[in-house]
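What follows is the content of work18.pdb (PDB, C-alpha atoms, pLDDT in the B column).
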```
ATOM      1  CA  MET A 186       0.000   0.000   0.000  1.00 49.00           C
ATOM      2  CA  ASN A 187       1.230   3.495  -0.839  1.00 56.00           C
ATOM      3  CA  LYS A 188       2.234   5.107   2.453  1.00 81.00           C
ATOM      4  CA  ASP A 189       1.445   8.590   1.195  1.00 90.00           C
ATOM      5  CA  ILE A 190      -1.987  10.155   0.633  1.00 94.00           C
ATOM      6  CA  GLU A 191      -2.938  12.141  -2.451  1.00 94.00           C
ATOM      7  CA  ARG A 192      -4.015  15.592  -1.301  1.00 95.00           C
ATOM      8  CA  TYR A 193      -4.284  17.280  -4.701  1.00 95.00           C
ATOM      9  CA  THR A 194      -4.809  15.736  -8.122  1.00 95.00           C
ATOM     10  CA  PRO A 195      -2.729  16.901 -11.121  1.00 96.00           C
ATOM     11  CA  SER A 196      -5.660  18.915 -12.493  1.00 95.00           C
ATOM     12  CA  GLU A 197      -6.214  20.619  -9.112  1.00 95.00           C
ATOM     13  CA  ARG A 198      -2.539  21.534  -8.875  1.00 96.00           C
ATOM     14  CA  SER A 199      -2.472  22.828 -12.454  1.00 96.00           C
ATOM     15  CA  ASN A 200      -5.575  24.908 -11.745  1.00 96.00           C
ATOM     16  CA  HIS A 201      -4.030  26.338  -8.574  1.00 96.00           C
ATOM     17  CA  TRP A 202      -0.774  27.349 -10.259  1.00 97.00           C
ATOM     18  CA  ALA A 203      -2.632  28.871 -13.205  1.00 97.00           C
ATOM     19  CA  VAL A 204      -4.503  31.094 -10.728  1.00 97.00           C
ATOM     20  CA  ALA A 205      -1.223  31.921  -8.964  1.00 97.00           C
ATOM     21  CA  ILE A 206       0.526  32.969 -12.195  1.00 97.00           C
ATOM     22  CA  LEU A 207      -2.441  35.032 -13.342  1.00 97.00           C
ATOM     23  CA  PHE A 208      -2.648  36.661  -9.898  1.00 97.00           C
ATOM     24  CA  VAL A 209       0.965  37.815 -10.163  1.00 97.00           C
ATOM     25  CA  LEU A 210       0.466  39.165 -13.690  1.00 97.00           C
ATOM     26  CA  ALA A 211      -2.855  40.852 -12.896  1.00 97.00           C
ATOM     27  CA  GLY A 212      -1.445  42.222  -9.656  1.00 97.00           C
ATOM     28  CA  LEU A 213       1.689  43.713 -11.207  1.00 97.00           C
ATOM     29  CA  SER A 214      -0.208  45.235 -14.133  1.00 97.00           C
ATOM     30  CA  GLY A 215      -2.839  46.598 -11.737  1.00 96.00           C
ATOM     31  CA  LEU A 216      -0.214  48.183  -9.502  1.00 97.00           C
ATOM     32  CA  ALA A 217       1.401  49.777 -12.567  1.00 97.00           C
ATOM     33  CA  LEU A 218      -1.918  51.478 -13.311  1.00 95.00           C
ATOM     34  CA  PHE A 219      -2.696  52.306  -9.700  1.00 93.00           C
ATOM     35  CA  HIS A 220      -0.042  54.945  -8.976  1.00 92.00           C
ATOM     36  CA  PRO A 221       2.564  56.867 -11.027  1.00 94.00           C
ATOM     37  CA  SER A 222       5.363  55.699  -8.728  1.00 96.00           C
ATOM     38  CA  LEU A 223       4.614  52.109  -9.758  1.00 96.00           C
ATOM     39  CA  PHE A 224       4.251  52.790 -13.466  1.00 97.00           C
ATOM     40  CA  TRP A 225       7.711  51.303 -14.095  1.00 97.00           C
ATOM     41  CA  LEU A 226       6.069  47.897 -13.667  1.00 97.00           C
ATOM     42  CA  SER A 227       4.368  48.450 -17.020  1.00 97.00           C
ATOM     43  CA  ALA A 228       7.734  47.700 -18.668  1.00 97.00           C
ATOM     44  CA  PHE A 229       7.068  44.010 -17.959  1.00 96.00           C
ATOM     45  CA  PHE A 230       3.985  44.182 -20.165  1.00 97.00           C
ATOM     46  CA  GLY A 231       5.334  46.184 -23.086  1.00 96.00           C
ATOM     47  CA  GLY A 232       4.538  49.686 -21.828  1.00 96.00           C
ATOM     48  CA  GLY A 233       1.536  51.645 -20.593  1.00 95.00           C
ATOM     49  CA  PRO A 234      -0.937  50.987 -23.451  1.00 95.00           C
ATOM     50  CA  TRP A 235      -0.334  47.251 -23.420  1.00 97.00           C
ATOM     51  CA  THR A 236      -0.594  47.154 -19.634  1.00 97.00           C
ATOM     52  CA  ARG A 237      -3.978  48.855 -19.804  1.00 95.00           C
ATOM     53  CA  ILE A 238      -5.130  46.435 -22.504  1.00 95.00           C
ATOM     54  CA  LEU A 239      -3.871  43.267 -20.842  1.00 97.00           C
ATOM     55  CA  HIS A 240      -4.819  43.935 -17.207  1.00 97.00           C
ATOM     56  CA  PRO A 241      -8.592  43.367 -17.483  1.00 96.00           C
ATOM     57  CA  PHE A 242      -8.146  40.249 -19.609  1.00 97.00           C
ATOM     58  CA  LEU A 243      -5.678  38.852 -17.084  1.00 97.00           C
ATOM     59  CA  GLY A 244      -8.189  39.613 -14.330  1.00 97.00           C
ATOM     60  CA  VAL A 245     -11.035  37.844 -16.119  1.00 97.00           C
ATOM     61  CA  ALA A 246      -8.836  34.805 -16.794  1.00 97.00           C
ATOM     62  CA  MET A 247      -7.795  34.712 -13.116  1.00 97.00           C
ATOM     63  CA  PHE A 248     -11.445  34.863 -12.046  1.00 97.00           C
ATOM     64  CA  LEU A 249     -12.491  32.027 -14.369  1.00 97.00           C
ATOM     65  CA  PHE A 250      -9.691  29.728 -13.237  1.00 97.00           C
ATOM     66  CA  PHE A 251     -10.365  30.581  -9.600  1.00 97.00           C
ATOM     67  CA  ILE A 252     -14.109  29.925  -9.891  1.00 96.00           C
ATOM     68  CA  TRP A 253     -13.388  26.505 -11.346  1.00 95.00           C
ATOM     69  CA  LEU A 254     -11.060  25.846  -8.404  1.00 94.00           C
ATOM     70  CA  ALA A 255     -13.621  27.204  -5.921  1.00 95.00           C
ATOM     71  CA  MET A 256     -16.334  24.918  -7.278  1.00 95.00           C
ATOM     72  CA  ARG A 257     -14.094  21.926  -6.653  1.00 94.00           C
ATOM     73  CA  PHE A 258     -13.253  22.878  -3.065  1.00 94.00           C
ATOM     74  CA  ALA A 259     -16.336  24.736  -1.814  1.00 95.00           C
ATOM     75  CA  HIS A 260     -17.813  21.679  -0.076  1.00 94.00           C
ATOM     76  CA  HIS A 261     -14.577  21.226   1.885  1.00 94.00           C
ATOM     77  CA  ASN A 262     -14.829  24.818   3.136  1.00 96.00           C
ATOM     78  CA  ARG A 263     -18.258  24.693   4.739  1.00 95.00           C
ATOM     79  CA  TRP A 264     -18.196  26.083   8.265  1.00 94.00           C
ATOM     80  CA  GLU A 265     -18.597  23.539  11.066  1.00 92.00           C
ATOM     81  CA  LYS A 266     -18.877  23.669  14.832  1.00 89.00           C
ATOM     82  CA  ASN A 267     -15.251  22.615  15.350  1.00 90.00           C
ATOM     83  CA  ASP A 268     -14.091  25.543  13.215  1.00 93.00           C
ATOM     84  CA  SER A 269     -15.433  28.100  15.707  1.00 94.00           C
ATOM     85  CA  GLN A 270     -13.686  26.284  18.543  1.00 93.00           C
ATOM     86  CA  TRP A 271     -10.468  26.148  16.492  1.00 93.00           C
ATOM     87  CA  LEU A 272     -10.534  29.934  16.138  1.00 92.00           C
ATOM     88  CA  LYS A 273     -11.183  30.415  19.852  1.00 92.00           C
ATOM     89  CA  GLN A 274      -7.971  28.473  20.527  1.00 92.00           C
ATOM     90  CA  TRP A 275      -5.870  30.759  18.333  1.00 88.00           C
ATOM     91  CA  LYS A 276      -3.091  30.821  20.938  1.00 90.00           C
ATOM     92  CA  ASP A 277      -2.693  27.063  20.569  1.00 88.00           C
ATOM     93  CA  VAL A 278      -2.660  27.556  16.794  1.00 87.00           C
ATOM     94  CA  VAL A 279       0.161  30.108  16.743  1.00 85.00           C
ATOM     95  CA  ASN A 280       2.157  28.108  19.273  1.00 85.00           C
ATOM     96  CA  ASN A 281       1.808  24.859  17.274  1.00 81.00           C
ATOM     97  CA  ARG A 282      -0.051  23.069  20.073  1.00 85.00           C
ATOM     98  CA  GLU A 283      -2.113  21.086  17.571  1.00 83.00           C
ATOM     99  CA  ASP A 284      -2.702  18.248  20.017  1.00 82.00           C
ATOM    100  CA  LYS A 285      -4.987  20.607  21.983  1.00 89.00           C
ATOM    101  CA  LEU A 286      -7.050  21.690  18.961  1.00 89.00           C
ATOM    102  CA  PRO A 287     -10.265  20.093  17.659  1.00 90.00           C
ATOM    103  CA  GLU A 288      -9.738  17.610  14.847  1.00 90.00           C
ATOM    104  CA  VAL A 289      -9.445  19.366  11.504  1.00 91.00           C
ATOM    105  CA  GLY A 290     -10.981  18.180   8.243  1.00 92.00           C
ATOM    106  CA  ARG A 291      -9.409  18.800   4.857  1.00 94.00           C
ATOM    107  CA  TYR A 292      -9.072  22.503   5.746  1.00 95.00           C
ATOM    108  CA  ASN A 293      -8.846  24.295   9.081  1.00 94.00           C
ATOM    109  CA  ALA A 294     -10.875  27.360  10.040  1.00 95.00           C
ATOM    110  CA  GLY A 295      -8.157  29.763   8.953  1.00 94.00           C
ATOM    111  CA  GLN A 296      -7.982  28.195   5.511  1.00 95.00           C
ATOM    112  CA  LYS A 297     -11.766  28.291   5.217  1.00 96.00           C
ATOM    113  CA  LEU A 298     -11.908  31.984   6.110  1.00 96.00           C
ATOM    114  CA  LEU A 299      -9.220  32.681   3.543  1.00 96.00           C
ATOM    115  CA  PHE A 300     -11.155  30.749   0.895  1.00 96.00           C
ATOM    116  CA  TRP A 301     -14.331  32.816   1.365  1.00 97.00           C
ATOM    117  CA  VAL A 302     -12.405  36.101   1.554  1.00 97.00           C
ATOM    118  CA  LEU A 303     -10.664  35.261  -1.730  1.00 97.00           C
ATOM    119  CA  LEU A 304     -13.971  34.355  -3.360  1.00 97.00           C
ATOM    120  CA  LEU A 305     -15.592  37.604  -2.205  1.00 97.00           C
ATOM    121  CA  CYS A 306     -12.632  39.663  -3.400  1.00 97.00           C
ATOM    122  CA  MET A 307     -12.674  37.951  -6.785  1.00 97.00           C
ATOM    123  CA  LEU A 308     -16.384  38.692  -7.230  1.00 97.00           C
ATOM    124  CA  VAL A 309     -15.931  42.353  -6.245  1.00 98.00           C
ATOM    125  CA  LEU A 310     -12.960  42.710  -8.590  1.00 97.00           C
ATOM    126  CA  LEU A 311     -14.900  41.178 -11.473  1.00 97.00           C
ATOM    127  CA  LEU A 312     -17.984  43.363 -11.023  1.00 97.00           C
ATOM    128  CA  THR A 313     -16.158  46.620 -10.359  1.00 97.00           C
ATOM    129  CA  GLY A 314     -13.623  45.827 -13.060  1.00 96.00           C
ATOM    130  CA  ALA A 315     -16.419  45.527 -15.607  1.00 96.00           C
ATOM    131  CA  VAL A 316     -17.785  48.930 -14.589  1.00 96.00           C
ATOM    132  CA  ILE A 317     -14.428  50.679 -15.045  1.00 95.00           C
ATOM    133  CA  TRP A 318     -13.405  48.758 -18.199  1.00 94.00           C
ATOM    134  CA  ARG A 319     -13.321  51.752 -20.542  1.00 87.00           C
ATOM    135  CA  GLU A 320     -12.981  49.829 -23.786  1.00 87.00           C
ATOM    136  CA  TYR A 321     -16.201  47.867 -23.417  1.00 90.00           C
ATOM    137  CA  PHE A 322     -18.434  48.732 -20.465  1.00 92.00           C
ATOM    138  CA  SER A 323     -17.731  52.006 -18.638  1.00 90.00           C
ATOM    139  CA  HIS A 324     -19.801  54.055 -21.111  1.00 91.00           C
ATOM    140  CA  LEU A 325     -22.867  52.202 -19.805  1.00 93.00           C
ATOM    141  CA  PHE A 326     -22.511  53.636 -16.292  1.00 95.00           C
ATOM    142  CA  GLY A 327     -22.631  57.030 -14.613  1.00 94.00           C
ATOM    143  CA  ILE A 328     -19.495  58.775 -13.407  1.00 95.00           C
ATOM    144  CA  GLU A 329     -20.389  58.354  -9.720  1.00 96.00           C
ATOM    145  CA  LEU A 330     -20.742  54.583 -10.052  1.00 96.00           C
ATOM    146  CA  ILE A 331     -17.456  54.446 -11.959  1.00 95.00           C
ATOM    147  CA  ARG A 332     -15.671  56.370  -9.194  1.00 96.00           C
ATOM    148  CA  ILE A 333     -17.131  54.160  -6.450  1.00 97.00           C
ATOM    149  CA  SER A 334     -16.255  51.052  -8.446  1.00 97.00           C
ATOM    150  CA  ALA A 335     -12.670  52.251  -8.878  1.00 96.00           C
ATOM    151  CA  LEU A 336     -12.345  52.662  -5.097  1.00 97.00           C
ATOM    152  CA  LEU A 337     -13.919  49.271  -4.383  1.00 98.00           C
ATOM    153  CA  HIS A 338     -11.716  47.672  -7.021  1.00 97.00           C
ATOM    154  CA  ALA A 339      -8.577  49.060  -5.396  1.00 97.00           C
ATOM    155  CA  PHE A 340      -9.750  48.048  -1.910  1.00 97.00           C
ATOM    156  CA  ALA A 341     -10.633  44.488  -2.984  1.00 98.00           C
ATOM    157  CA  ALA A 342      -7.260  44.200  -4.722  1.00 97.00           C
ATOM    158  CA  TRP A 343      -5.491  45.327  -1.532  1.00 97.00           C
ATOM    159  CA  VAL A 344      -7.400  42.764   0.570  1.00 98.00           C
ATOM    160  CA  LEU A 345      -6.660  40.067  -2.018  1.00 97.00           C
ATOM    161  CA  ILE A 346      -2.931  40.825  -2.044  1.00 97.00           C
ATOM    162  CA  CYS A 347      -2.772  40.804   1.772  1.00 96.00           C
ATOM    163  CA  SER A 348      -4.717  37.537   1.873  1.00 96.00           C
ATOM    164  CA  ILE A 349      -2.379  35.892  -0.625  1.00 96.00           C
ATOM    165  CA  ILE A 350       0.630  37.003   1.440  1.00 96.00           C
ATOM    166  CA  VAL A 351      -0.965  35.311   4.470  1.00 94.00           C
ATOM    167  CA  HIS A 352      -1.678  32.240   2.322  1.00 94.00           C
ATOM    168  CA  ILE A 353       1.968  32.007   1.224  1.00 94.00           C
ATOM    169  CA  TYR A 354       3.259  32.544   4.768  1.00 93.00           C
ATOM    170  CA  ALA A 355       0.957  29.851   6.178  1.00 90.00           C
ATOM    171  CA  GLY A 356       1.994  27.442   3.432  1.00 91.00           C
ATOM    172  CA  ILE A 357       5.659  27.912   4.327  1.00 92.00           C
ATOM    173  CA  TRP A 358       4.944  27.862   8.076  1.00 89.00           C
ATOM    174  CA  VAL A 359       3.233  24.463   7.965  1.00 89.00           C
ATOM    175  CA  LYS A 360       6.008  22.299   6.567  1.00 89.00           C
ATOM    176  CA  GLY A 361       4.769  20.002   3.829  1.00 89.00           C
ATOM    177  CA  SER A 362       1.975  22.259   2.564  1.00 92.00           C
ATOM    178  CA  VAL A 363       3.942  23.694  -0.362  1.00 93.00           C
ATOM    179  CA  SER A 364       5.233  20.249  -1.286  1.00 93.00           C
ATOM    180  CA  ALA A 365       1.647  18.960  -1.339  1.00 94.00           C
ATOM    181  CA  MET A 366       0.694  21.572  -3.945  1.00 94.00           C
ATOM    182  CA  LEU A 367       3.838  20.893  -5.960  1.00 94.00           C
ATOM    183  CA  HIS A 368       3.771  17.108  -5.946  1.00 94.00           C
ATOM    184  CA  GLY A 369       0.227  16.290  -4.787  1.00 95.00           C
ATOM    185  CA  TRP A 370       1.065  13.881  -1.968  1.00 95.00           C
ATOM    186  CA  VAL A 371       1.461  14.119   1.826  1.00 95.00           C
ATOM    187  CA  SER A 372       2.703  11.589   4.334  1.00 93.00           C
ATOM    188  CA  ARG A 373       0.225   9.837   6.590  1.00 93.00           C
ATOM    189  CA  SER A 374       1.920  11.309   9.644  1.00 92.00           C
ATOM    190  CA  TRP A 375       1.472  14.830   8.167  1.00 93.00           C
ATOM    191  CA  ALA A 376      -2.205  14.198   7.475  1.00 92.00           C
ATOM    192  CA  ARG A 377      -2.752  12.702  10.938  1.00 91.00           C
ATOM    193  CA  LYS A 378      -1.075  15.645  12.664  1.00 90.00           C
ATOM    194  CA  HIS A 379      -2.517  18.590  10.739  1.00 91.00           C
ATOM    195  CA  HIS A 380      -5.846  17.250   9.409  1.00 93.00           C
ATOM    196  CA  GLY A 381      -6.878  14.398  11.671  1.00 90.00           C
ATOM    197  CA  ALA A 382     -10.538  14.237  10.644  1.00 92.00           C
ATOM    198  CA  TRP A 383      -9.577  14.253   6.947  1.00 94.00           C
ATOM    199  CA  TYR A 384      -7.014  11.510   7.563  1.00 93.00           C
ATOM    200  CA  LYS A 385      -9.677   9.306   9.190  1.00 91.00           C
ATOM    201  CA  GLU A 386     -12.046   9.970   6.306  1.00 90.00           C
ATOM    202  CA  VAL A 387      -9.434   9.028   3.710  1.00 90.00           C
ATOM    203  CA  SER A 388      -8.387   5.930   5.672  1.00 87.00           C
ATOM    204  CA  LYS A 389     -12.025   4.834   5.919  1.00 82.00           C
ATOM    205  CA  GLU A 390     -12.477   5.248   2.164  1.00 76.00           C
ATOM    206  CA  GLU A 391      -9.333   3.225   1.510  1.00 72.00           C
ATOM    207  CA  GLY A 392     -10.603   0.492   3.807  1.00 64.00           C
ATOM    208  CA  GLY A 393     -13.921   0.388   1.953  1.00 58.00           C
ATOM    209  CA  LYS A 394     -12.193  -0.093  -1.391  1.00 60.00           C
ATOM    210  CA  ARG A 395     -10.365  -3.211  -0.282  1.00 53.00           C
TER     211      ARG A 395
END
```
Can the structure in the file be given as structure tokens, please?
Amino acid sequence: MNKDIERYTPSERSNHWAVAILFVLAGLSGLALFHPSLFWLSAFFGGGPWTRILHPFLGVAMFLFFIWLAMRFAHHNRWEKNDSQWLKQWKDVVNNREDKLPEVGRYNAGQKLLFWVLLLCMLVLLLTGAVIWREYFSHLFGIELIRISALLHAFAAWVLICSIIVHIYAGIWVKGSVSAMLHGWVSRSWARKHHGAWYKEVSKEEGGKR
């Protein structure tokens, strides 16, 4: 029997990294357009005009890939009673006292909160981005709505960037998380320690297939 457990399939990993690459490209092009001091970033996209052209398309592509990913993982991110207790024991979380925490399913409460924040940010960015997309849609809306949308777009982008930084930090902090998204597999000891309830579920499924 394979001692490791598959945490992410090849298609799930490909989807994740496609979102990650598009996030970087959309983020850099967006920052180039956000403030004159960051306009030098437009050089990575062929200059100002090309940056303005490419940014919304990169954003739409990121949203589409993310929604496909979200649809695959939404049922794993439903809030449960143990998640509230997990958050209440945040001191045990930050001090790595996982033996004192409630058993965690495929994702812990922090990961679930991040998932829903990312989804909300993506939706806000898509809707506000459409309103301020001069080439195709902005002529359909009044100036006040365009101004409000521009502010909301910038705010959602800021929250998204901060959330992704937290996501990267947490992935590095919990050893084995990055490897799982690169290679797809985790050891049984890793699964038992960090996601006990998920480990039991997977073990039960394996037992049923024999």
I'd like the contact shell of region 209-217 of chain A - 7 Å cut-off, only C-alpha atoms, skipping same-chain residues fewer than 3 positions apart - returned as a compact mmCIF listing (two decimals) with C-alpha atoms, in the frame of the given file.
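Output saved as selection_12.txt:
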```txt
# COMPACT_ATOMS: atom_id res chain seq x y z
CA ALA A 205 -1.22 31.92 -8.96
CA ILE A 206 0.53 32.97 -12.20
CA HIS A 220 -0.04 54.94 -8.98
CA LEU A 223 4.61 52.11 -9.76
CA PHE A 224 4.25 52.79 -13.47
CA TRP A 225 7.71 51.30 -14.10
CA LEU A 226 6.07 47.90 -13.67
CA SER A 227 4.37 48.45 -17.02
CA THR A 236 -0.59 47.15 -19.63
CA HIS A 240 -4.82 43.94 -17.21
CA LEU A 243 -5.68 38.85 -17.08
CA GLY A 244 -8.19 39.61 -14.33
```
Residue neighbourhood region 370-372 of chain A, 7 Å, all atoms listed in the file, exclusion window fewer than 3 positions, as an MDAnalysis selection string: chainID A and resid 188:193 365 375:376
I need the output of the PyMOL selection byres ((chain A and resi 196) around 12) for this file as a PDB file with C-alpha atoms, in the frame of the given file; which residues are they?
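Wrote it out as result_30.pdb, contents follow:
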```pdb
ATOM      1  CA  ARG A 192      -4.015  15.592  -1.301  1.00 95.00           C
ATOM      2  CA  TYR A 193      -4.284  17.280  -4.701  1.00 95.00           C
ATOM      3  CA  THR A 194      -4.809  15.736  -8.122  1.00 95.00           C
ATOM      4  CA  PRO A 195      -2.729  16.901 -11.121  1.00 96.00           C
ATOM      5  CA  GLU A 197      -6.214  20.619  -9.112  1.00 95.00           C
ATOM      6  CA  ARG A 198      -2.539  21.534  -8.875  1.00 96.00           C
ATOM      7  CA  SER A 199      -2.472  22.828 -12.454  1.00 96.00           C
ATOM      8  CA  ASN A 200      -5.575  24.908 -11.745  1.00 96.00           C
ATOM      9  CA  HIS A 201      -4.030  26.338  -8.574  1.00 96.00           C
ATOM     10  CA  TRP A 202      -0.774  27.349 -10.259  1.00 97.00           C
ATOM     11  CA  ALA A 203      -2.632  28.871 -13.205  1.00 97.00           C
ATOM     12  CA  PHE A 250      -9.691  29.728 -13.237  1.00 97.00           C
ATOM     13  CA  TRP A 253     -13.388  26.505 -11.346  1.00 95.00           C
ATOM     14  CA  LEU A 254     -11.060  25.846  -8.404  1.00 94.00           C
ATOM     15  CA  ARG A 257     -14.094  21.926  -6.653  1.00 94.00           C
ATOM     16  CA  MET A 366       0.694  21.572  -3.945  1.00 94.00           C
ATOM     17  CA  LEU A 367       3.838  20.893  -5.960  1.00 94.00           C
ATOM     18  CA  HIS A 368       3.771  17.108  -5.946  1.00 94.00           C
ATOM     19  CA  GLY A 369       0.227  16.290  -4.787  1.00 95.00           C
TER      20      GLY A 369
END
```
State, in Å with one decimal place, the distance from CA of Phe251 (chain A) to CA of Arg373 (chain A).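 A separation of 28.4 Å between them.
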Hey, can you check how far CA of Trp343 (chain A) sits from CA of Phe322 (chain A)?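 CA of Trp343 (chain A) sits 23.2 Å away from CA of Phe322 (chain A).
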Applying 12 Å and all atoms listed in the file, which residues near Val309 (chain A) remain after dropping the ones on its own chain fewer than 5 positions away? List them as a PyMOL selection string. chain A and resi 244-245+248+302-304+314-316+333-345
Two-atom distance - CA of Phe300 (chain A), CA of Lys273 (chain A) (Å):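 That distance, rounded to one decimal, is 19.0 Å.
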With 4 Å added on each side, what axis-aligned box encloses every listed atom of region 213-220 of chain A? Give the centre and edge lengths in Å to one decimal, as AutoDock Vina command-line options.
```
--center_x -0.6 --center_y 49.3 --center_z -11.6 --size_x 12.5 --size_y 19.2 --size_z 13.2
```
Which residue out of A:Asn267, A:Asn280, A:Gln296, A:Ser222 has the minimum interatomic distance to Val351 (chain A) when only C-alpha atoms are used? A:Gln296
Writing N, CA and C atoms and nothing else, produce region 380-391 of chain A as a PDB file, in the first residue's frame.
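Dumped everything to part.pdb:
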```pdb
ATOM      1  N   HIS A 380      -4.461  17.380   9.878  1.00  0.00           N
ATOM      2  CA  HIS A 380      -5.846  17.250   9.409  1.00  0.00           C
ATOM      3  C   HIS A 380      -6.392  15.882   9.804  1.00  0.00           C
ATOM      4  N   GLY A 381      -6.497  15.696  11.121  1.00  0.00           N
ATOM      5  CA  GLY A 381      -6.878  14.398  11.671  1.00  0.00           C
ATOM      6  C   GLY A 381      -8.190  13.852  11.145  1.00  0.00           C
ATOM      7  N   ALA A 382      -9.219  14.686  11.105  1.00  0.00           N
ATOM      8  CA  ALA A 382     -10.538  14.237  10.644  1.00  0.00           C
ATOM      9  C   ALA A 382     -10.478  13.827   9.170  1.00  0.00           C
ATOM     10  N   TRP A 383      -9.740  14.584   8.373  1.00  0.00           N
ATOM     11  CA  TRP A 383      -9.577  14.253   6.947  1.00  0.00           C
ATOM     12  C   TRP A 383      -8.820  12.937   6.793  1.00  0.00           C
ATOM     13  N   TYR A 384      -7.800  12.746   7.614  1.00  0.00           N
ATOM     14  CA  TYR A 384      -7.014  11.510   7.563  1.00  0.00           C
ATOM     15  C   TYR A 384      -7.904  10.302   7.848  1.00  0.00           C
ATOM     16  N   LYS A 385      -8.775  10.411   8.853  1.00  0.00           N
ATOM     17  CA  LYS A 385      -9.677   9.306   9.190  1.00  0.00           C
ATOM     18  C   LYS A 385     -10.648   9.033   8.046  1.00  0.00           C
ATOM     19  N   GLU A 386     -11.116  10.111   7.426  1.00  0.00           N
ATOM     20  CA  GLU A 386     -12.046   9.970   6.306  1.00  0.00           C
ATOM     21  C   GLU A 386     -11.387   9.248   5.127  1.00  0.00           C
ATOM     22  N   VAL A 387     -10.153   9.661   4.816  1.00  0.00           N
ATOM     23  CA  VAL A 387      -9.434   9.028   3.710  1.00  0.00           C
ATOM     24  C   VAL A 387      -9.122   7.567   4.030  1.00  0.00           C
ATOM     25  N   SER A 388      -8.710   7.302   5.262  1.00  0.00           N
ATOM     26  CA  SER A 388      -8.387   5.930   5.672  1.00  0.00           C
ATOM     27  C   SER A 388      -9.624   5.037   5.597  1.00  0.00           C
ATOM     28  N   LYS A 389     -10.769   5.590   5.972  1.00  0.00           N
ATOM     29  CA  LYS A 389     -12.025   4.834   5.919  1.00  0.00           C
ATOM     30  C   LYS A 389     -12.388   4.499   4.467  1.00  0.00           C
ATOM     31  N   GLU A 390     -12.181   5.479   3.579  1.00  0.00           N
ATOM     32  CA  GLU A 390     -12.477   5.248   2.164  1.00  0.00           C
ATOM     33  C   GLU A 390     -11.557   4.175   1.587  1.00  0.00           C
ATOM     34  N   GLU A 391     -10.288   4.218   1.993  1.00  0.00           N
ATOM     35  CA  GLU A 391      -9.333   3.225   1.510  1.00  0.00           C
ATOM     36  C   GLU A 391      -9.724   1.821   1.991  1.00  0.00           C
TER      37      GLU A 391
END
```
